[in-house]
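Worksheet: one structure, shown below.
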Amino acid sequence: MATRTDTRSTSRGAKATVAIVLVTSLFFVWGLTMNLVNALNSPMGNYLQLDGVQTALLQVAYYGAYFVMAIPASLVAKHFGYKGGVIMGLLLFVVGSFITVPATNVASFALFLVAMFVIAAGASTLETNCNPYITKLGDEKHEEMRLNLAQSFNGVGNIVGPLILAQILTTTVAPGQPGFEQAKTAFLTNMGTIYIVIGIVLAVVLAVFVFIKLPTPPGDVEEESGQTEKVTFGQMVKRPYFALGVLAEFIFIGLQVAGMALFSSYALQQWDGMTAGMAATLLSVLSLLFTVGRFATTPLMAKIPGGKILGVYMLLSAALMFVVFLGLGPVSVICFMVAYLFISIGYPTVFTLTLKGFKGTAVKTGSSALIMSIVGAAVIPLVLSAIADAAGLQVAMLVTVPGFLYVAWYALKGCKIGLQQ
């Protein structure tokens, strides 16, 4: 009997490991497309002759979809399980990728925004399902570590996106200069090709997920068997740490994305001789530091609570962004990049701190609220772009400082208010 139990336990553990590996691979996908969108701000604005606010509509379309799709994605997870949500997300991703083909062929910014919205609807659906799935597929003690490890591969995707863009940009031709129309056509054609490849690869991944079986997280099993009581959204909001966490995620992801979207323009302004291709390469270095921060910090979470680490990291981020505000040329550009070494763990750590103590359907509901908060990545970049247009990029960067300080407070104090031990 003991041997049979051990075999079953090993089998369940093996299935969980395979599931974690497959689901973690998806984190790379939306990391790539997310940072590709962020890196598109400067060249898209140049070739389609858009102002800062118009260009920021890329973030509005992309991250606005997170707000729209979070609840539908959660409902799919509740009725069809996490696997159903993953399949739905991949399908939307594939459709959106192929919409970019006509958008780039006719140089339609409006149609490109539609494509980004559909792609992001897929990404939102994936995040609504994959984040809580990874978080809860194991013991509660190591939730931060599991999600940060999975999100590290999201960071790898963040690096690849700008690197791809850097290869097709080289030197940007400004409107009115010789060769502008040819450069514009080449840029749009290459963008269409990139998204065609993404669509084809994800169609294959979709086929894989159709035929595999994903194990159910322990909390879901307990709820189905009646061992735990269902918690409503109203009851969740009454726990201060949950509501404060959703706000922290809104602020944090908005600042993270705004920084990445504005970095290239800031580097071009502060560093003499900088080209658009070089700025895209530096954005890849920034993304590399972001990824290194996650991989390097994840092991620390086995010994030090994630909230404490995040609190210190956010304080350091606030200090570095203040130097960015000072506009000290290359020094400030480097500080901008180094800040992302510490910004790295913010999203997954706030995510797990906000869902502490919840199980089953409450996790799916809480996850949808957190994914909806990603609309901060549409609102905050738009606000900062408007500030940059009106008062300059340096003033826009100053606005990030109190935001990071709030996240630091939540990580050190706010995440404990109302937490049931």
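For the structure tokens, the naming scheme is as follows: chains receive sequential letters (A, B, ...) according to their order of presentation, residues are indexed from 1 within each chain, and ligands are indexed from 1 in presentation order.
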Next on the checklist: Can you pull out the residues contacting region 150-153 of chain A? Cut-off 12 Å, using only C-alpha atoms, and skip same-chain residues under 2 positions away; I want them as a PyMOL selection string.
Outcome noted: chain A and resi 19-32+127+130-135+143-148+155-160+287-299+341+344-349+351-352
Item to check | Pick from A:Gly277, A:Pro102, A:Gly192, A:Gly357 nearest to Ile168 (chain A), counting only C-alpha atoms | outcome: A:Gly277
Checklist entry - Which residue gives the smallest distance to Ile309 (chain A) among A:Val94, A:Ile417, A:Leu412, A:Met34, with only C-alpha atoms counted? => result A:Leu412
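Distances to Ala166 (chain A) were evaluated for A:Thr281, A:Ser108, A:Thr189, A:Asn154 using only C-alpha atoms, and the minimum falls at A:Thr281.
In terms of minimum interatomic distance to Leu40 (chain A), A:Met260 ranks closest within A:Gln235, A:Met260, A:Val204, A:Ala339, counting only C-alpha atoms.
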Item to check | A:Tyr62, A:His142, A:Thr361, A:Phe342 ranked by distance to Asn129 (chain A), top pick (using only C-alpha atoms) | outcome: A:Thr361
Item to check | alpha helix (DSSP H) per DSSP on the backbone: members of region 37-247 of chain A, as a PyMOL selection string | outcome: chain A and resi 37-47+52-55+57-105+109-136+143-169+180-211+218-224+233-237+240-247
Checklist entry - Which residues come within 12 Å of region 403-410 of chain A, counting only C-alpha atoms, excluding same-chain residues fewer than 5 positions away, as a ChimeraX atom specification? => result /A:240-256,258,306-322,339-340,342-343,345-347,349-351,353-354,376,380,396-398,415-417
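The residue that comes closest to Lys238 (chain A), out of A:Leu419, A:Val257, A:Ile194, A:Ala56 and on the basis of only C-alpha atoms, is A:Leu419.
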